[in-house]
file final-v4.pdb (PDB, C-alpha atoms and all ligand atoms)
ATOM      1  CA  MET B1178      92.713 101.990  94.026
ATOM      2  CA  HIS B1179      93.287  99.900  90.921
ATOM      3  CA  ASP B1180      90.825  97.162  90.055
ATOM      4  CA  ILE B1181      92.988  94.034  90.323
ATOM      5  CA  THR B1182      90.362  91.480  89.215
ATOM      6  CA  HIS B1183      92.410  90.646  86.077
ATOM      7  CA  LEU B1184      95.492  89.859  88.242
ATOM      8  CA  LEU B1185      93.637  87.417  90.488
ATOM      9  CA  ARG B1186      93.013  83.724  90.002
ATOM     10  CA  CYS B1187      90.795  81.342  91.877
ATOM     11  CA  PRO B1188      92.648  79.624  94.755
ATOM     12  CA  LEU B1189      90.555  76.481  94.225
ATOM     13  CA  CYS B1190      90.803  75.908  90.463
ATOM     14  CA  GLY B1191      93.231  78.557  89.158
ATOM     15  CA  GLY B1192      90.547  80.014  86.865
ATOM     16  CA  ALA B1193      90.235  83.702  86.029
ATOM     17  CA  PHE B1194      87.681  85.819  87.879
ATOM     18  CA  SER B1195      85.080  88.200  86.666
ATOM     19  CA  ARG B1196      83.362  90.663  88.900
ATOM     20  CA  ARG B1197      79.648  90.311  89.461
ATOM     21  CA  ASP B1198      78.098  92.953  91.757
ATOM     22  CA  ASN B1199      79.950  92.523  95.037
ATOM     23  CA  SER B1200      81.449  89.141  94.241
ATOM     24  CA  LEU B1201      84.285  87.590  92.287
ATOM     25  CA  VAL B1202      83.140  84.570  90.297
ATOM     26  CA  CYS B1203      85.588  82.226  88.565
ATOM     27  CA  GLU B1204      85.067  80.217  85.389
ATOM     28  CA  LYS B1205      83.958  77.247  87.508
ATOM     29  CA  ARG B1206      81.616  79.494  89.522
ATOM     30  CA  HIS B1207      83.606  79.481  92.759
ATOM     31  CA  THR B1208      82.418  82.691  94.365
ATOM     32  CA  TYR B1209      84.077  85.046  96.842
ATOM     33  CA  ASP B1210      82.353  88.082  98.319
ATOM     34  CA  ILE B1211      83.958  91.495  98.333
ATOM     35  CA  ALA B1212      83.476  92.826 101.875
ATOM     36  CA  ARG B1213      82.073  96.309 102.434
ATOM     37  CA  GLN B1214      85.571  97.517 103.342
ATOM     38  CA  GLY B1215      86.825  96.258  99.968
ATOM     39  CA  TYR B1216      88.843  93.173 100.949
ATOM     40  CA  VAL B1217      88.204  89.607  99.784
ATOM     41  CA  ASN B1218      88.515  86.526 101.974
ATOM     42  CA  PHE B1219      89.978  83.653  99.929
ATOM     43  CA  VAL B1220      90.363  81.435 103.010
ATOM     44  CA  PRO B1221      86.886  81.282 104.538
ATOM     45  CA  GLY B1222      86.887  79.035 107.590
ATOM     46  CA  GLN B1223      90.527  79.785 108.374
ATOM     47  CA  LYS B1224      90.961  79.464 112.156
ATOM     48  CA  GLU B1225      92.433  82.165 114.337
ATOM     49  CA  MET B1226      96.185  81.783 114.617
ATOM     50  CA  PHE B1227      98.845  82.835 117.072
ATOM     51  CA  TYR B1228      98.580  86.272 115.482
ATOM     52  CA  LYS B1229      95.511  87.800 117.067
ATOM     53  CA  LYS B1230      93.711  91.072 116.445
ATOM     54  CA  GLU B1231      95.346  92.701 119.509
ATOM     55  CA  LEU B1232      98.813  91.900 118.154
ATOM     56  CA  PHE B1233      98.025  93.663 114.873
ATOM     57  CA  GLU B1234      96.543  96.636 116.748
ATOM     58  CA  SER B1235      99.759  96.937 118.754
ATOM     59  CA  ARG B1236     101.791  96.661 115.542
ATOM     60  CA  ALA B1237      99.735  99.525 114.078
ATOM     61  CA  LYS B1238     100.505 101.687 117.159
ATOM     62  CA  VAL B1239     104.237 100.998 116.924
ATOM     63  CA  PHE B1240     104.257 101.731 113.184
ATOM     64  CA  GLY B1241     102.250 104.910 113.849
ATOM     65  CA  ALA B1242     104.931 106.019 116.341
ATOM     66  CA  GLY B1243     107.488 105.903 113.519
ATOM     67  CA  VAL B1244     109.655 103.132 114.978
ATOM     68  CA  TYR B1245     110.009 101.488 111.553
ATOM     69  CA  ALA B1246     110.119 104.667 109.433
ATOM     70  CA  PRO B1247     113.868 104.230 108.723
ATOM     71  CA  VAL B1248     113.124 100.693 107.446
ATOM     72  CA  VAL B1249     110.515 102.106 105.076
ATOM     73  CA  GLU B1250     113.100 104.609 103.811
ATOM     74  CA  ARG B1251     115.607 101.858 103.087
ATOM     75  CA  LEU B1252     112.975  99.750 101.330
ATOM     76  CA  THR B1253     111.871 102.756  99.285
ATOM     77  CA  GLU B1254     115.470 103.366  98.183
ATOM     78  CA  ALA B1255     115.943  99.701  97.295
ATOM     79  CA  ILE B1256     112.717  99.631  95.256
ATOM     80  CA  GLY B1257     113.870 102.802  93.473
ATOM     81  CA  ARG B1258     117.182 101.122  92.587
ATOM     82  CA  HIS B1259     115.795  97.791  91.430
ATOM     83  CA  VAL B1260     112.351  98.493  89.980
ATOM     84  CA  LYS B1261     112.213 101.011  87.183
ATOM     85  CA  ALA B1262     108.882 100.042  85.578
ATOM     86  CA  GLY B1263     106.074 102.572  85.588
ATOM     87  CA  ASN B1264     102.980 101.435  87.475
ATOM     88  CA  ALA B1265     104.775  98.403  88.907
ATOM     89  CA  VAL B1266     102.809  95.741  90.758
ATOM     90  CA  LEU B1267     103.870  95.412  94.396
ATOM     91  CA  LEU B1268     102.789  92.369  96.399
ATOM     92  CA  ASP B1269     103.199  92.399 100.189
ATOM     93  CA  ALA B1270     103.049  88.723 101.219
ATOM     94  CA  GLY B1271     101.932  88.272 104.843
ATOM     95  CA  CYS B1272     101.248  92.019 105.005
ATOM     96  CA  GLY B1273      99.790  92.043 108.525
ATOM     97  CA  GLU B1274      97.896  95.287 109.033
ATOM     98  CA  GLY B1275      99.317  96.705 105.837
ATOM     99  CA  TYR B1276     101.838  99.260 107.056
ATOM    100  CA  TYR B1277     104.569  98.556 104.510
ATOM    101  CA  THR B1278     102.091  97.953 101.660
ATOM    102  CA  LYS B1279     100.934 101.545 101.989
ATOM    103  CA  ALA B1280     104.062 103.297 103.315
ATOM    104  CA  VAL B1281     106.819 102.303 100.867
ATOM    105  CA  CYS B1282     107.537 104.578  97.899
ATOM    106  CA  PRO B1283     105.284 107.448  98.990
ATOM    107  CA  GLY B1284     103.793 109.186  95.968
ATOM    108  CA  ARG B1285     104.945 106.540  93.488
ATOM    109  CA  GLU B1286     102.237 105.275  91.180
ATOM    110  CA  MET B1287     102.050 101.521  91.794
ATOM    111  CA  THR B1288      99.455  98.791  92.012
ATOM    112  CA  ARG B1289      99.751  97.807  95.670
ATOM    113  CA  ILE B1290      98.433  94.452  96.827
ATOM    114  CA  GLY B1291      98.692  92.927 100.304
ATOM    115  CA  PHE B1292      97.513  89.604 101.647
ATOM    116  CA  ASP B1293      97.682  87.753 104.921
ATOM    117  CA  LEU B1294      96.338  84.512 106.326
ATOM    118  CA  SER B1295      94.754  86.457 109.173
ATOM    119  CA  LYS B1296      91.395  87.999 108.306
ATOM    120  CA  ASP B1297      91.712  90.298 111.333
ATOM    121  CA  ALA B1298      94.929  91.719 109.897
ATOM    122  CA  VAL B1299      93.425  92.201 106.446
ATOM    123  CA  LYS B1300      90.373  93.929 107.928
ATOM    124  CA  LEU B1301      92.654  96.428 109.675
ATOM    125  CA  ALA B1302      94.699  96.879 106.498
ATOM    126  CA  ALA B1303      91.604  97.650 104.435
ATOM    127  CA  LYS B1304      90.586 100.531 106.739
ATOM    128  CA  GLY B1305      91.302 104.112 105.755
ATOM    129  CA  PRO B1306      92.264 105.511 102.347
ATOM    130  CA  LYS B1307      91.880 102.918  99.587
ATOM    131  CA  MET B1308      95.396 103.037  98.191
ATOM    132  CA  ALA B1309      95.951  99.274  98.084
ATOM    133  CA  ALA B1310      93.983  96.075  97.495
ATOM    134  CA  PHE B1311      93.947  93.553 100.344
ATOM    135  CA  PHE B1312      92.792  89.976 100.623
ATOM    136  CA  ALA B1313      93.016  87.079 103.064
ATOM    137  CA  ALA B1314      94.909  84.177 101.495
ATOM    138  CA  ASP B1315      97.509  81.529 102.193
ATOM    139  CA  LEU B1316     101.112  81.764 100.992
ATOM    140  CA  LYS B1317     100.725  78.164  99.870
ATOM    141  CA  ARG B1318      98.179  79.162  97.207
ATOM    142  CA  ILE B1319      98.554  82.799  96.296
ATOM    143  CA  PRO B1320      95.410  83.720  94.350
ATOM    144  CA  LEU B1321      97.305  85.674  91.671
ATOM    145  CA  GLN B1322      97.982  84.934  88.009
ATOM    146  CA  ASP B1323     101.449  83.760  86.923
ATOM    147  CA  HIS B1324     104.200  86.341  86.368
ATOM    148  CA  VAL B1325     102.409  89.551  87.289
ATOM    149  CA  VAL B1326     104.390  90.868  90.302
ATOM    150  CA  ASP B1327     107.367  93.253  89.987
ATOM    151  CA  ILE B1328     108.211  93.694  93.697
ATOM    152  CA  LEU B1329     107.423  91.054  96.273
ATOM    153  CA  LEU B1330     107.811  92.145  99.897
ATOM    154  CA  ASP B1331     108.287  89.372 102.461
ATOM    155  CA  ILE B1332     108.677  91.151 105.767
ATOM    156  CA  PHE B1333     109.120  89.114 108.944
ATOM    157  CA  THR B1334     106.867  86.542 107.310
ATOM    158  CA  PRO B1335     107.406  82.945 106.168
ATOM    159  CA  ALA B1336     108.247  82.588 102.470
ATOM    160  CA  ASN B1337     106.972  80.195  99.823
ATOM    161  CA  TYR B1338     109.600  80.418  97.098
ATOM    162  CA  ALA B1339     107.794  78.137  94.634
ATOM    163  CA  GLU B1340     104.768  80.406  94.721
ATOM    164  CA  PHE B1341     106.978  83.524  94.656
ATOM    165  CA  ALA B1342     108.666  82.227  91.477
ATOM    166  CA  ARG B1343     105.276  81.586  89.901
ATOM    167  CA  VAL B1344     103.799  85.025  90.557
ATOM    168  CA  LEU B1345     106.944  87.100  89.860
ATOM    169  CA  ALA B1346     107.195  88.780  86.457
ATOM    170  CA  PRO B1347     110.442  88.444  84.466
ATOM    171  CA  GLY B1348     112.979  90.660  86.260
ATOM    172  CA  GLY B1349     110.778  90.831  89.352
ATOM    173  CA  VAL B1350     112.524  90.904  92.731
ATOM    174  CA  VAL B1351     111.882  89.672  96.251
ATOM    175  CA  MET B1352     112.689  92.050  99.103
ATOM    176  CA  LYS B1353     112.863  90.103 102.320
ATOM    177  CA  LEU B1354     113.404  91.509 105.790
ATOM    178  CA  ALA B1355     114.403  89.270 108.682
ATOM    179  CA  PRO B1356     115.581  90.027 112.230
ATOM    180  CA  ARG B1357     119.257  90.016 113.252
ATOM    181  CA  SER B1358     120.785  89.331 116.657
ATOM    182  CA  GLY B1359     120.218  92.810 118.106
ATOM    183  CA  TYR B1360     116.557  93.031 117.124
ATOM    184  CA  LEU B1361     114.446  94.335 120.060
ATOM    185  CA  GLY B1362     117.434  93.456 122.263
ATOM    186  CA  GLU B1363     116.257  95.650 125.152
ATOM    187  CA  LEU B1364     112.931  93.790 125.374
ATOM    188  CA  ARG B1365     114.517  90.385 125.017
ATOM    189  CA  ALA B1366     117.025  91.195 127.788
ATOM    190  CA  LEU B1367     114.125  92.196 130.029
ATOM    191  CA  ALA B1368     112.349  88.895 129.392
ATOM    192  CA  GLY B1369     115.632  87.069 130.105
ATOM    193  CA  ASP B1370     115.354  83.364 130.755
ATOM    194  CA  ARG B1371     111.610  83.413 130.160
ATOM    195  CA  LEU B1372     112.308  83.605 126.420
ATOM    196  CA  ARG B1373     111.677  80.409 124.483
ATOM    197  CA  ARG B1374     114.670  81.119 122.334
ATOM    198  CA  GLN B1375     117.547  82.808 124.167
ATOM    199  CA  GLU B1376     119.854  83.510 121.255
ATOM    200  CA  TYR B1377     118.737  84.633 117.853
ATOM    201  CA  ASP B1378     121.238  85.416 115.121
ATOM    202  CA  GLY B1379     119.193  85.047 111.936
ATOM    203  CA  GLY B1380     121.716  82.520 110.596
ATOM    204  CA  ASP B1381     119.144  79.852 109.695
ATOM    205  CA  VAL B1382     117.107  82.334 107.696
ATOM    206  CA  GLU B1383     120.234  83.639 105.958
ATOM    207  CA  ARG B1384     121.285  80.159 104.872
ATOM    208  CA  TYR B1385     117.793  79.349 103.598
ATOM    209  CA  VAL B1386     117.492  82.647 101.718
ATOM    210  CA  HIS B1387     120.779  81.943  99.907
ATOM    211  CA  GLU B1388     119.603  78.432  99.070
ATOM    212  CA  LYS B1389     116.419  79.718  97.471
ATOM    213  CA  MET B1390     117.406  83.100  96.063
ATOM    214  CA  ASP B1391     120.115  84.670  93.959
ATOM    215  CA  VAL B1392     120.805  87.529  96.349
ATOM    216  CA  ILE B1393     121.672  90.756  94.538
ATOM    217  CA  GLU B1394     121.965  92.889  97.634
ATOM    218  CA  GLN B1395     122.195  92.137 101.348
ATOM    219  CA  THR B1396     122.312  94.978 103.861
ATOM    220  CA  ALA B1397     121.944  95.403 107.591
ATOM    221  CA  ILE B1398     119.488  97.994 108.853
ATOM    222  CA  THR B1399     120.455  98.820 112.431
ATOM    223  CA  TYR B1400     119.477 101.723 114.677
ATOM    224  CA  THR B1401     118.416 102.504 118.235
ATOM    225  CA  LEU B1402     115.772 105.088 119.035
ATOM    226  CA  GLU B1403     114.039 106.549 122.072
ATOM    227  CA  VAL B1404     110.540 105.251 122.722
ATOM    228  CA  SER B1405     107.690 106.426 124.950
ATOM    229  CA  GLN B1406     106.185 104.190 127.617
ATOM    230  CA  GLU B1407     103.114 103.763 125.431
ATOM    231  CA  THR B1408     105.235 102.567 122.514
ATOM    232  CA  ALA B1409     107.156 100.205 124.829
ATOM    233  CA  TYR B1410     103.808  98.749 125.936
ATOM    234  CA  HIS B1411     102.808  98.029 122.327
ATOM    235  CA  LEU B1412     106.280  96.809 121.324
ATOM    236  CA  ALA B1413     106.035  94.112 123.993
ATOM    237  CA  ARG B1414     102.678  93.036 122.547
ATOM    238  CA  MET B1415     103.469  93.216 118.835
ATOM    239  CA  THR B1416     106.284  90.732 118.570
ATOM    240  CA  PRO B1417     106.199  86.957 118.216
ATOM    241  CA  MET B1418     109.708  87.029 119.739
ATOM    242  CA  LEU B1419     108.112  87.278 123.192
ATOM    243  CA  ALA B1420     105.680  84.428 122.470
ATOM    244  CA  GLY B1421     105.027  82.475 125.659
ATOM    245  CA  VAL B1422     106.213  85.312 127.928
ATOM    246  CA  ASP B1423     103.517  86.923 130.077
ATOM    247  CA  VAL B1424     104.278  90.509 129.058
ATOM    248  CA  ASP B1425     102.072  91.877 131.839
ATOM    249  CA  THR B1426     104.736  90.751 134.321
ATOM    250  CA  LEU B1427     107.539  92.721 132.599
ATOM    251  CA  ASP B1428     108.594  96.050 134.129
ATOM    252  CA  LEU B1429     108.486  98.039 130.915
ATOM    253  CA  SER B1430     109.523 101.286 132.672
ATOM    254  CA  ALA B1431     113.069 100.032 132.015
ATOM    255  CA  ILE B1432     112.478 100.346 128.259
ATOM    256  CA  THR B1433     113.329 103.874 127.140
ATOM    257  CA  GLN B1434     114.967 102.972 123.872
ATOM    258  CA  ILE B1435     114.730 100.125 121.401
ATOM    259  CA  THR B1436     117.071  98.626 118.840
ATOM    260  CA  ILE B1437     115.957  97.618 115.385
ATOM    261  CA  ASP B1438     118.434  95.257 113.725
ATOM    262  CA  GLU B1439     117.383  93.580 110.490
ATOM    263  CA  THR B1440     118.749  92.220 107.238
ATOM    264  CA  LEU B1441     117.314  93.334 103.927
ATOM    265  CA  TYR B1442     117.762  90.742 101.180
ATOM    266  CA  VAL B1443     117.026  91.718  97.587
ATOM    267  CA  GLY B1444     117.109  88.962  95.004
ATOM    268  CA  THR B1445     115.461  86.796  92.422
ATOM    269  CA  VAL B1446     114.115  83.313  93.108
ATOM    270  CA  LYS B1447     116.376  80.487  91.855
TER     271      LYS B1447
HETATM  272  C1  LIG E   1     105.399  88.990 112.204
HETATM  273  S1  LIG E   1     103.970  89.197 111.178
HETATM  274  C2  LIG E   1     104.563  90.366 109.978
HETATM  275  C3  LIG E   1     103.458  91.132 109.318
HETATM  276  C4  LIG E   1     103.899  92.290 108.402
HETATM  277  N1  LIG E   1     104.696  91.835 107.269
HETATM  278  C5  LIG E   1     104.667  93.315 109.223
HETATM  279  O1  LIG E   1     105.892  93.376 109.100
HETATM  280  O2  LIG E   1     104.025  94.034 109.998
HETATM  281  C6  LIG E   1     103.895  87.667 110.232
HETATM  282  C7  LIG E   1     102.636  87.599 109.371
HETATM  283  O3  LIG E   1     102.678  86.419 108.550
HETATM  284  C8  LIG E   1     101.329  85.980 108.413
HETATM  285  N2  LIG E   1     101.363  84.584 107.950
HETATM  286  C9  LIG E   1     101.836  83.499 108.611
HETATM  287  N3  LIG E   1     101.650  82.393 107.862
HETATM  288  C10 LIG E   1     101.056  82.782 106.698
HETATM  289  C11 LIG E   1     100.610  82.092 105.516
HETATM  290  N4  LIG E   1     100.739  80.769 105.401
HETATM  291  N5  LIG E   1     100.039  82.803 104.533
HETATM  292  C12 LIG E   1      99.906  84.140 104.643
HETATM  293  N6  LIG E   1     100.302  84.858 105.732
HETATM  294  C13 LIG E   1     100.862  84.183 106.749
HETATM  295  C14 LIG E   1     100.758  86.191 109.792
HETATM  296  O4  LIG E   1      99.347  86.209 109.820
HETATM  297  C15 LIG E   1     101.370  87.537 110.172
HETATM  298  O5  LIG E   1     100.562  88.623 109.805
HETATM  299 ZN    ZN E   2      87.503  78.376  90.804
END
call {"tool": "encode", "arguments": {"input": "final-v4.pdb", "output": "structure tokens", "more": "lines below"}}
Ligand SMILES: C[S@@+](CC[C@H](N)C(=O)[O-])C[C@H]1O[C@@H](n2cnc3c(N)ncnc32)[C@H](O)[C@@H]1O
Ligand SMILES: [Zn+2]
result
Amino acid sequence: MHDITHLLRCPLCGGAFSRRDNSLVCEKRHTYDIARQGYVNFVPGQKEMFYKKELFESRAKVFGAGVYAPVVERLTEAIGRHVKAGNAVLLDAGCGEGYYTKAVCPGREMTRIGFDLSKDAVKLAAKGPKMAAFFAADLKRIPLQDHVVDILLDIFTPANYAEFARVLAPGGVVMKLAPRSGYLGELRALAGDRLRRQEYDGGDVERYVHEKMDVIEQTAITYTLEVSQETAYHLARMTPMLAGVDVDTLDLSAITQITIDETLYVGTVK
């Protein structure tokens, strides 16, 4: 893994860091420990959110089953088309347990960085081979220097376009994925009127993306694939779309296939 100390900046004062033993110390002596697993927590005291450890563990199972492998392929192609630089810096904002951070562009030499507000997610992400740097941080104050990121992934995660504009290098692009109307349709049909939000068409996100970004490319990624009962179990537990539904009461034996339906936006921040 690359040492990314020179790319970081203190979330409190914006100062540069230097590394001292197992800590990062800024010019004003704000100090953050580097955990044994290699991640840094820039939001100590952050409370647990809706996204709990179990949700990220279920996400990891679903990713491991290959349900999102075609999405990774499409992202890899898009990065190949739009980012030519050698050793590009990739930032996965709201990376969760780090699947996309590690899986896109297999074999391509890149500096991969992922961060998430959830420390549980970042802990999971930092497990295994050290091919990316991970830290816990808030989108509102990304602890990175100005203009250092070539590819910014924003996958099913809120965006902060002011911060994205600040950290993106000249020519750097945002790749944003958001759900479309058919996304996990089989599960949402099963939950029926217990869903908080019956209809979802992604229209609000689309309008907002076009307000904030010059979109260079916009493509739908849509496919349906067979899933095992185990994967169906984890799918029901990995998605905020079923928030508020008691998934234990769903008869998941009805789920034998699942539809993935997303929009990929590639663009620069206005
Ligand atoms: C639906 S998950 C997607 C995670 C990952 N991109 C993926 O596709 O597996 C949304 C993520 O956004 C993170 N998140 C929400 N608000 C955030 C914020 N203000 N700063 C950083 N991450 C945030 C959550 O902790 C969660 O991991
Ligand atoms: Zn500082």
call {"tool": "residues_around", "arguments": {"input": "final-v4.pdb", "residues": "stretch 1258-1271 of chain B", "least_positions_apart": "5", "cutoff": "7 Å", "atoms": "all atoms listed in the file", "output": "number ranges by chain"}}
result
B: 1278, 1286-1294, 1326-1331, 1334
call {"tool": "residues_near_point", "arguments": {"input": "final-v4.pdb", "point": "(115.2, 78.0, 92.7)", "cutoff": "9 Å", "atoms": "all atoms listed in the file", "output": "NGL selection string"}}
result
:B and (1338-1339 or 1342 or 1388-1391 or 1445-1447)
call {"tool": "resolve_selection", "arguments": {"input": "final-v4.pdb", "expression": "the PyMOL selection byres (((not hetatm)) within 10 of (chain E and resi 1))", "output": "ChimeraX atom specification"}}
result
/B:1220,1225-1230,1232-1233,1236-1237,1239-1240,1245,1269-1278,1291-1299,1313-1319,1330-1337,1353-1355,1415-1418
call {"tool": "resolve_selection", "arguments": {"input": "final-v4.pdb", "expression": "the PyMOL selection byres (((not hetatm)) within 10 of (chain E and resi 2))", "output": "number ranges by chain"}}
result
B: 1186-1194, 1201-1209
call {"tool": "closest_residue", "arguments": {"input": "final-v4.pdb", "among": "B:Gln1322, B:Ala1431, B:Glu1407, B:Ser1358", "to": "B:Asp1381", "atoms": "all atoms listed in the file"}}
result
B:Ser1358
call {"tool": "atom_distance", "arguments": {"input": "final-v4.pdb", "atom1": "atom CA of B:His1411", "atom2": "atom CA of B:Glu1250"}}
result
22.2 Å
call {"tool": "residues_around", "arguments": {"input": "final-v4.pdb", "residues": "stretch 1424-1426 of chain B", "least_positions_apart": "3", "cutoff": "12 Å", "atoms": "all atoms listed in the file", "output": "number ranges by chain"}}
result
B: 1364-1365, 1367-1369, 1371-1372, 1409-1421, 1429-1430
call {"tool": "atom_distance", "arguments": {"input": "final-v4.pdb", "atom1": "atom CA of B:Gly1362", "atom2": "atom CA of B:Gly1380"}}
result
16.6 Å
call {"tool": "resolve_selection", "arguments": {"input": "final-v4.pdb", "expression": "the PyMOL selection byres (((chain B and resi 1308) around 7) and not hetatm)", "output": "list in words"}}
result
Met1178, Lys1279, Pro1306, Lys1307 and Ala1309 of chain B
call {"tool": "closest_residue", "arguments": {"input": "final-v4.pdb", "among": "B:Tyr1377, B:Phe1311, B:Tyr1216, B:Tyr1360", "to": "B:Ile1398", "atoms": "all atoms listed in the file"}}
result
B:Tyr1360
call {"tool": "residues_around", "arguments": {"input": "final-v4.pdb", "residues": "B:Glu1254", "least_positions_apart": "2", "cutoff": "12 Å", "atoms": "only C-alpha atoms", "output": "list in words"}}
result
Pro1247, Val1248, Val1249, Glu1250, Arg1251, Leu1252, Ile1256, Gly1257, Arg1258, His1259, Val1260, Lys1261, Val1281, Cys1282, Pro1283, Arg1285, Met1352, Leu1441 and Val1443 of chain B
call {"tool": "write_last_selection", "arguments": {"input": "final-v4.pdb", "atoms": "C-alpha atoms", "output": "compact mmCIF listing (two decimals), keeping the file's coordinate frame"}}
result
# COMPACT_ATOMS: atom_id res chain seq x y z
CA PRO B 1247 113.87 104.23 108.72
CA VAL B 1248 113.12 100.69 107.45
CA VAL B 1249 110.52 102.11 105.08
CA GLU B 1250 113.10 104.61 103.81
CA ARG B 1251 115.61 101.86 103.09
CA LEU B 1252 112.98 99.75 101.33
CA ILE B 1256 112.72 99.63 95.26
CA GLY B 1257 113.87 102.80 93.47
CA ARG B 1258 117.18 101.12 92.59
CA HIS B 1259 115.80 97.79 91.43
CA VAL B 1260 112.35 98.49 89.98
CA LYS B 1261 112.21 101.01 87.18
CA VAL B 1281 106.82 102.30 100.87
CA CYS B 1282 107.54 104.58 97.90
CA PRO B 1283 105.28 107.45 98.99
CA ARG B 1285 104.94 106.54 93.49
CA MET B 1352 112.69 92.05 99.10
CA LEU B 1441 117.31 93.33 103.93
CA VAL B 1443 117.03 91.72 97.59
call {"tool": "axis_aligned_box", "arguments": {"input": "final-v4.pdb", "around": "stretch 1259-1275 of chain B", "padding_each_side": "3 Å", "output": "AutoDock Vina command-line options"}}
result
--center_x 106.8 --center_y 95.4 --center_z 97.3 --size_x 23.9 --size_y 20.3 --size_z 29.5
call {"tool": "residues_near_point", "arguments": {"input": "final-v4.pdb", "point": "(123.5, 95.1, 112.9)", "cutoff": "8 Å", "atoms": "only C-alpha atoms", "output": "list in words"}}
result
Arg1357, Ser1358, Gly1359, Ala1397, Ile1398, Thr1399, Tyr1400, Asp1438, Glu1439 and Thr1440 of chain B
call {"tool": "closest_atom_pairs", "arguments": {"input": "final-v4.pdb", "of": "stretch 1300-1364 of chain B", "to": "stretch 1210-1215 of chain B", "cutoff": "9 Å", "atoms": "all atoms listed in the file", "output": "JSON lines"}}
result
{"residue": "B:Lys1300", "atom": "CA", "partner": "B:Gln1214", "partner_atom": "CA", "distance": 7.5}
{"residue": "B:Ala1303", "atom": "CA", "partner": "B:Gln1214", "partner_atom": "CA", "distance": 6.1}
{"residue": "B:Lys1304", "atom": "CA", "partner": "B:Gln1214", "partner_atom": "CA", "distance": 6.8}
{"residue": "B:Lys1307", "atom": "CA", "partner": "B:Gly1215", "partner_atom": "CA", "distance": 8.4}
{"residue": "B:Ala1310", "atom": "CA", "partner": "B:Gly1215", "partner_atom": "CA", "distance": 7.6}
{"residue": "B:Phe1311", "atom": "CA", "partner": "B:Gly1215", "partner_atom": "CA", "distance": 7.6}
{"residue": "B:Phe1312", "atom": "CA", "partner": "B:Gly1215", "partner_atom": "CA", "distance": 8.7}
call {"tool": "atom_distance", "arguments": {"input": "final-v4.pdb", "atom1": "atom CA of B:Arg1196", "atom2": "atom CA of B:Asp1180"}}
result
10.0 Å
call {"tool": "closest_residue", "arguments": {"input": "final-v4.pdb", "among": "B:Glu1363, B:Lys1238, B:Pro1221, B:Leu1321", "to": "B:Ile1181", "atoms": "all atoms listed in the file"}}
result
B:Leu1321
